[in-house]
Amino acid sequence: MRTDDAPLIRLDDYRPSDWLIDTVDLDISLHPTQTRVRSLLALRPNPAGQTDAPLVLDGDELALKALSLDGEPLDASAYAAGPQGLTLHAPPRRGFTLTIETEIDPAANTKLMGLYRSSRVYCTQCEADGFRRITYFLDRPDVMSVYTVRLEAAKAEAPVLLSNGNLVATGEVPGSDRHFALWHDPHPKPAYLFALVGGALDHVRQDYVTAEGRKVELAVYVEPGKADRAGWALDSLARCMRWDEKVFGRNYDLDVFNVVAVSDFNMGAMENKGLNIFNDKYVLADPQIATDGDYASIEAIIAHEYFHNWTGNRITCRDWFQLCLKEGLTVFRDQEFSSDERSRPVKRIADVRTLRSTQFSEDAGPLAHPVRPRAYKEINNFYTPTVYEKGAEVIRMLKVLIGDDAFKRGMDLYFERCDGTAATIEEFLACFAESSGRDLSHFARWYEQAGTPTIVASGRYDAAAQRYTLDLAQSTPPTPGQAEKEPMVLPVRLGLVGAEGDLPLRTQSNAYAGDGLVVFDGPSLSIAFEGVTEPPIPSLLRGFSAPARLELDLSEADLLRQFTRDSDSFNRWQALQSIATRALVAAGRPGADPGALGATAAELGRALGGFLAADALADPAFAAQVLRLPAPADIAREIGKDVDPDAIFSAHRALSTAIGSALLPRLSGLRQALETKGPYRADAASAGRRALRNELLGLVALAAPAEGAALCEQQFETGDNLTDRLAALAAMTLIPGERRERLIARFAEAYAGEPLVLDKWLMAQALIAEPATLERVRGLMRHPAFSLGNPNRVRALIGGFAANLTQFNRADGEGYGFVADIVVALDRTNPQVASRLLGSFKSWRMLEPGRRRQAQEALGLVARTPNLSRDVSDIAERALA
């Protein structure tokens with residue numbers, strides 16, 4: 001659909017489908033350019049639908065070859081068919097069957113939606129509305145059907161044939177070189193969960209027995225020759241299945257669970273029932289081609305897609321406005337799994353970093369929207385950090401608010417009550433209102449109201465009365481379409497920190513729910529704590545209990561004491577982040593003197609030096625997080641107006657260098673102490689040691705470039721794993737000169753046959769904060785490793801450049817023009833990737849006037865391009881509105 005006929009779809013306009021499809025029998029004969037699809041649909045009128053309505057089936061670039069009703073060909077006057085849909089003018093007012101034959105060209109499908117070929121493998125992506133690119137259908141999530149699928153292909157081309165459900169039969173096609181496989185999924189599902197895969201694939205497998213005693217064959221399919229890289233994904237799958245049984249009581253419900261890795265994929269992965277299709281970067285792992293971060297991501301994303309079996313598949317969404325019901329809830333579940341598998345405090349910090357860098361910036365810009373949007377033009381543009389990350393935070397807040405026991409009862413009730421249905425947010429919240437006995441109507445504002453709340457806090461201590469009074473006020477700034485905001489329900493976990501640690505909490509306030517929890521649900525709140533024997537430091541939003549900004553005017557001395565004495569790991573980390581943020585915001589404003597950072601650098605250096613000496617080896621992963629300053633993009637968001645990216649970067653580099661210089665005498669010894677002996681292990685403890693050791697390497701590179709360059713070269717040559725070798729490359733990118741260019745070339749030579757590793761090589765160069773980077777990126781587009789047709793390559797090189805604060809935001813506007821040109825070029829072949837790339841302009845309004853004008857002009861050029869897809873035009877229109 002092109003921009004001129006893209007309707008605005010509104011939640012308020014929802015009504016049930018006029019027709020239901022009870023069963024779907026698909027017969028798909030795979031061919032690179034002429035795949036034939038025969039669908040037999042068992043339809044009946046929906047009692048909740050409109051009487052006498054025509055049957056209108058969705059399509060997208062389809063070619064109808066044949067059509068019959070109850071086995072009889074239909075007269076051409078009885079229907080209207082075109083590439084975008086099929087309408088039966090007067091269908092029977094009873095149950096009937098409709099047989100539809102279409103022909104599609106998988107090889108030409110560069111959109112990577114529907115059925116396409118990836119490296120000679122047939123695969124599908126149907127979420128959100130890709131099934132209509134395969135056959136005409138009621139392509140909406142509240143139409144759930146039982147599928148039986150017969151796949152046929154040339155045996156030499158596609159010896160492996162997979163679909164949803166259980167394998168029923170296989171066989172040869174008489175008189176041909178073709179074979180077939182018959183799959184049946186007994187669980188009704190919407191069309192977006194349909195999947196097939198056909199190709200020459202290797203696999204690894206293992207048997208798994210659920211807590212209910214069902215034997216399940218688990219398998220991970222990969223390109224030939226890569227089966228030895230699939231073991232970690234298979235192991236992660238078994239572990240998350242066991243975890244879901246123990247924590248949520250959810251058992252798997254089919255005889256097989258298949259994961260397939262493909263190299264061309266718009267998303268990270270897809271939870272199709274029993275047949276998860278993955279971008280291969282989230283499956284393939286061994287120490288030579290995957291970093292510690294890759295291992296953790298594979299573990300988390302395998303878990304995420306598996307957890308969808310219940311929160312997304314068994315219970316799906318009534319409509320796409322309820323997307324957060326499956327995505328936010330499942331992100332929460334995968335975060336909890338990773339927290340149990342690894343370090344809960346470190347995982348929480350990492351998740352909050354992601355939330356602030358992606359979702360807070362979305363909330364602060366023209367693309368802000370509620371967790372449940374009220375209207376959209378293109379649903380693919382709402383697979384956003386707000387739906388995923390903020391959606392998960394809403395679930396986490398609900399758990400904090402009602403308590404663990406009531407939350408568990410609510411989840412059990414949700415699974416029992418909504419299993420097999422297409423549900424809504426209201427039905428979900430009703431389960432927790434019932435399990436907790438609470439009215440959650442006020443809490444439901446988190447789904448309806450966009451923006452990041454700000455909590456302004458201050459405190460007063462009365463020594464004579466031994467009373468500490470905490471005053472809180474909240475507000476949420478205007479966002480597109482929502483100028484006025486109501487107060488939110490904010491669960492504020494807190495403590496009072498004394499000279500030796502936490503002080504007892506005693507209060508008569510009705511807002512206090514016990515166990516350090518204050519429920520803040522009005523515009524302001526004053527709460528008094530009695531029996532406070534010394535002036536305390538308030539420790540608020542412990543564990544980041546609500547996705548809000550906190551303004552609390554603590555002195556640097558108070559924050560340093562909080563860092564050493566607070567019992568909450570998150571707020572210990574946050575204390576140093578707050579010191580650094582405050583200094584960087586001041587120094588990053590236009591005209592500020594970065595030299596003024598000296599005092600802060602000295603204080604942070606002393607605090608970090610003591611911390612590293614006492615605690616670094618006890619929890620290296622936490623120490624690595626503590627050492628890492630807020631990102632320049634975070635500082636830009638905090639400044640919020642008339643942002644000068646160059647000034648922010650200069651301040652950030654100056655503070656990082658000063659801290660590195662202060663710590664330099666102890667860095668070498670600590671790096672040696674952290675060196676891991678023996679073969680690579682992907683466990684959390686080993687990864688934590690590498691993370692801290694490599695964080696220290698970056699500081700050496702800034703503080704002592706010659707020494708840092710030598711260490712980078714040595715680590716690259718002697719490193720036995722990609723984590724250390726890539727860290728050496730990343731640190732070396734901080735040191736301009738010939739040695740850097742030699743290591744960049746050496747890295748490319750060492751990994752010439754590894755596309756996923758070369759993605760990291762491309763991104764490392766795209767992120768270099770130097771004026772020559774744009775020309776470097778243009779040159780890399782001509783490198784054999786790069787292809788504009790592969791989403792991973794585009795995200796690595798072009799997406800990496802768009803995340804480069806200083807070079808994307810060049811004062812001459814060349815960075816904006818470059819990315820805008822790529823967006824327009826990509827829109828012709830892959831609108832989804834193009835629209836996500838255009839999202840890099842989401843913060844343009846906060847820039848200083850010169851850059852703001854340049855960014856607006858680039859967005860305008862995109863918006864005025866003829867025949868834009870609705871994906872890109874939607875982002876451009878909202879960004880400019």
# chains A, B, ... in the order shown; residues from 1 in each chain; ligands from 1

$ residues_around --residues "A:Asp244" --least-positions-apart "3" --cutoff "10 Å" --atoms "only C-alpha atoms" --output "PyMOL selection string"
chain A and resi 239-241+247-252+303+306-307+310+333-334+337

$ residues_around --residues "stretch 698-704 of chain A" --least-positions-apart "3" --cutoff "10 Å" --atoms "only C-alpha atoms" --output "count of residues only"
33

$ residues_around --residues "A:Phe563" --least-positions-apart "2" --cutoff "7 Å" --atoms "only C-alpha atoms" --output "list in words"
Leu559, Leu560, Arg561, Arg565, Asp566, Arg572, Trp573, Ala575 and Leu576 of chain A

$ write_last_selection --atoms "N, CA, C and O atoms" --output "PDB file, in the first residue's frame"
ATOM      1  N   LEU A 559      26.254  11.830  47.567  1.00  0.00           N
ATOM      2  CA  LEU A 559      26.234  10.778  46.554  1.00  0.00           C
ATOM      3  C   LEU A 559      27.408   9.814  46.734  1.00  0.00           C
ATOM      4  O   LEU A 559      27.261   8.595  46.557  1.00  0.00           O
ATOM      5  N   LEU A 560      28.565  10.343  47.097  1.00  0.00           N
ATOM      6  CA  LEU A 560      29.704   9.464  47.338  1.00  0.00           C
ATOM      7  C   LEU A 560      29.464   8.568  48.548  1.00  0.00           C
ATOM      8  O   LEU A 560      29.848   7.396  48.554  1.00  0.00           O
ATOM      9  N   ARG A 561      28.802   9.107  49.561  1.00  0.00           N
ATOM     10  CA  ARG A 561      28.473   8.260  50.721  1.00  0.00           C
ATOM     11  C   ARG A 561      27.443   7.210  50.335  1.00  0.00           C
ATOM     12  O   ARG A 561      27.517   6.064  50.772  1.00  0.00           O
ATOM     13  N   ARG A 565      27.721   3.277  51.011  1.00  0.00           N
ATOM     14  CA  ARG A 565      26.927   2.767  52.139  1.00  0.00           C
ATOM     15  C   ARG A 565      25.549   2.215  51.769  1.00  0.00           C
ATOM     16  O   ARG A 565      24.949   1.494  52.568  1.00  0.00           O
ATOM     17  N   ASP A 566      25.048   2.553  50.596  1.00  0.00           N
ATOM     18  CA  ASP A 566      23.691   2.109  50.237  1.00  0.00           C
ATOM     19  C   ASP A 566      23.674   0.588  50.084  1.00  0.00           C
ATOM     20  O   ASP A 566      24.593  -0.003  49.507  1.00  0.00           O
ATOM     21  N   ARG A 572      23.653   2.354  44.326  1.00  0.00           N
ATOM     22  CA  ARG A 572      25.101   2.573  44.431  1.00  0.00           C
ATOM     23  C   ARG A 572      25.652   2.975  43.065  1.00  0.00           C
ATOM     24  O   ARG A 572      26.398   3.937  42.938  1.00  0.00           O
ATOM     25  N   TRP A 573      25.279   2.206  42.058  1.00  0.00           N
ATOM     26  CA  TRP A 573      25.707   2.532  40.695  1.00  0.00           C
ATOM     27  C   TRP A 573      25.175   3.904  40.281  1.00  0.00           C
ATOM     28  O   TRP A 573      25.909   4.736  39.728  1.00  0.00           O
ATOM     29  N   ALA A 575      24.448   6.457  42.020  1.00  0.00           N
ATOM     30  CA  ALA A 575      25.070   7.586  42.708  1.00  0.00           C
ATOM     31  C   ALA A 575      26.236   8.144  41.906  1.00  0.00           C
ATOM     32  O   ALA A 575      26.357   9.372  41.711  1.00  0.00           O
ATOM     33  N   LEU A 576      27.118   7.274  41.419  1.00  0.00           N
ATOM     34  CA  LEU A 576      28.239   7.760  40.613  1.00  0.00           C
ATOM     35  C   LEU A 576      27.771   8.246  39.246  1.00  0.00           C
ATOM     36  O   LEU A 576      28.332   9.202  38.693  1.00  0.00           O
TER      37      LEU A 576
END

$ residues_around --residues "A:Glu775" --least-positions-apart "4" --cutoff "12 Å" --atoms "only C-alpha atoms" --output "list in words"
Gln765, Ala766, Ile768, Glu770, Pro771, Gly779, Leu780, Met781, Arg782, Phe801, Gln807, Glu814, Gly815 and Phe818 of chain A

$ select_by_dssp --residues "stretch 372-573 of chain A" --states "strand (DSSP E)" --output "ChimeraX atom specification"
/A:375-376,422-423,454-462,467-475,490-498,501-503,512-514,517-520,524-530,537-540,549-552

$ closest_residue --among "A:Asp235, A:Glu500, A:Asp253, A:Glu877" --to "A:Gln206" --atoms "only C-alpha atoms"
A:Asp235

$ residues_around --residues "stretch 448-460 of chain A" --least-positions-apart "5" --cutoff "7 Å" --atoms "only C-alpha atoms" --output "PyMOL selection string"
chain A and resi 360+363-364+368-372+468-477+479+548-552

$ closest_residue --among "A:Arg314, A:Gly640, A:Thr358, A:Tyr388" --to "A:Gln335" --atoms "only C-alpha atoms"
A:Tyr388

$ select_by_dssp --residues "stretch 409-520 of chain A" --states "alpha helix (DSSP H)" --output "list in words"
Arg409, Gly410, Met411, Asp412, Leu413, Tyr414, Phe415, Glu416, Arg417, Cys418, Ile425, Glu426, Glu427, Phe428, Leu429, Ala430, Cys431, Phe432, Ala433, Glu434, Ser435, Ser436, Arg445, Trp446, Tyr447 and Glu448 of chain A

$ residues_around --residues "stretch 507-513 of chain A" --least-positions-apart "5" --cutoff "7 Å" --atoms "only C-alpha atoms" --output "PDB file with N, CA and C atoms, in the first residue's frame"
ATOM      1  N   VAL A 518       6.753   2.950  48.909  1.00  0.00           N
ATOM      2  CA  VAL A 518       5.798   4.048  48.976  1.00  0.00           C
ATOM      3  C   VAL A 518       5.035   4.088  47.658  1.00  0.00           C
ATOM      4  N   VAL A 519       3.713   4.105  47.745  1.00  0.00           N
ATOM      5  CA  VAL A 519       2.875   4.196  46.544  1.00  0.00           C
ATOM      6  C   VAL A 519       2.525   5.661  46.334  1.00  0.00           C
ATOM      7  N   PHE A 520       3.122   6.242  45.308  1.00  0.00           N
ATOM      8  CA  PHE A 520       2.980   7.668  45.004  1.00  0.00           C
ATOM      9  C   PHE A 520       2.068   7.798  43.802  1.00  0.00           C
ATOM     10  N   ILE A 527       5.715  12.606  53.212  1.00  0.00           N
ATOM     11  CA  ILE A 527       5.704  11.456  54.102  1.00  0.00           C
ATOM     12  C   ILE A 527       6.798  11.631  55.147  1.00  0.00           C
ATOM     13  N   ALA A 528       6.426  11.450  56.424  1.00  0.00           N
ATOM     14  CA  ALA A 528       7.352  11.669  57.530  1.00  0.00           C
ATOM     15  C   ALA A 528       7.785  10.328  58.116  1.00  0.00           C
ATOM     16  N   PHE A 529       9.074  10.187  58.347  1.00  0.00           N
ATOM     17  CA  PHE A 529       9.634   8.997  58.991  1.00  0.00           C
ATOM     18  C   PHE A 529      10.111   9.386  60.389  1.00  0.00           C
ATOM     19  N   GLU A 530       9.688   8.608  61.365  1.00  0.00           N
ATOM     20  CA  GLU A 530       9.996   8.911  62.762  1.00  0.00           C
ATOM     21  C   GLU A 530      11.154   8.050  63.253  1.00  0.00           C
TER      22      GLU A 530
END

$ closest_residue --among "A:Asn46, A:Gln84, A:Asn166, A:Asn790" --to "A:Ser119" --atoms "only C-alpha atoms"
A:Asn790

$ closest_residue --among "A:Thr316, A:Asn266, A:Ile822, A:His304" --to "A:Thr330" --atoms "only C-alpha atoms"
A:His304

$ residues_around --residues "A:Phe649" --least-positions-apart "2" --cutoff "8 Å" --atoms "only C-alpha atoms" --output "count of residues only"
10

$ closest_residue --among "A:Gln288, A:Asn276, A:Ser686, A:Asn258" --to "A:Asp207" --atoms "only C-alpha atoms"
A:Asn258

$ closest_residue --among "A:Leu762, A:Ala195, A:Asp615, A:Trp844" --to "A:His783" --atoms "only C-alpha atoms"
A:Leu762
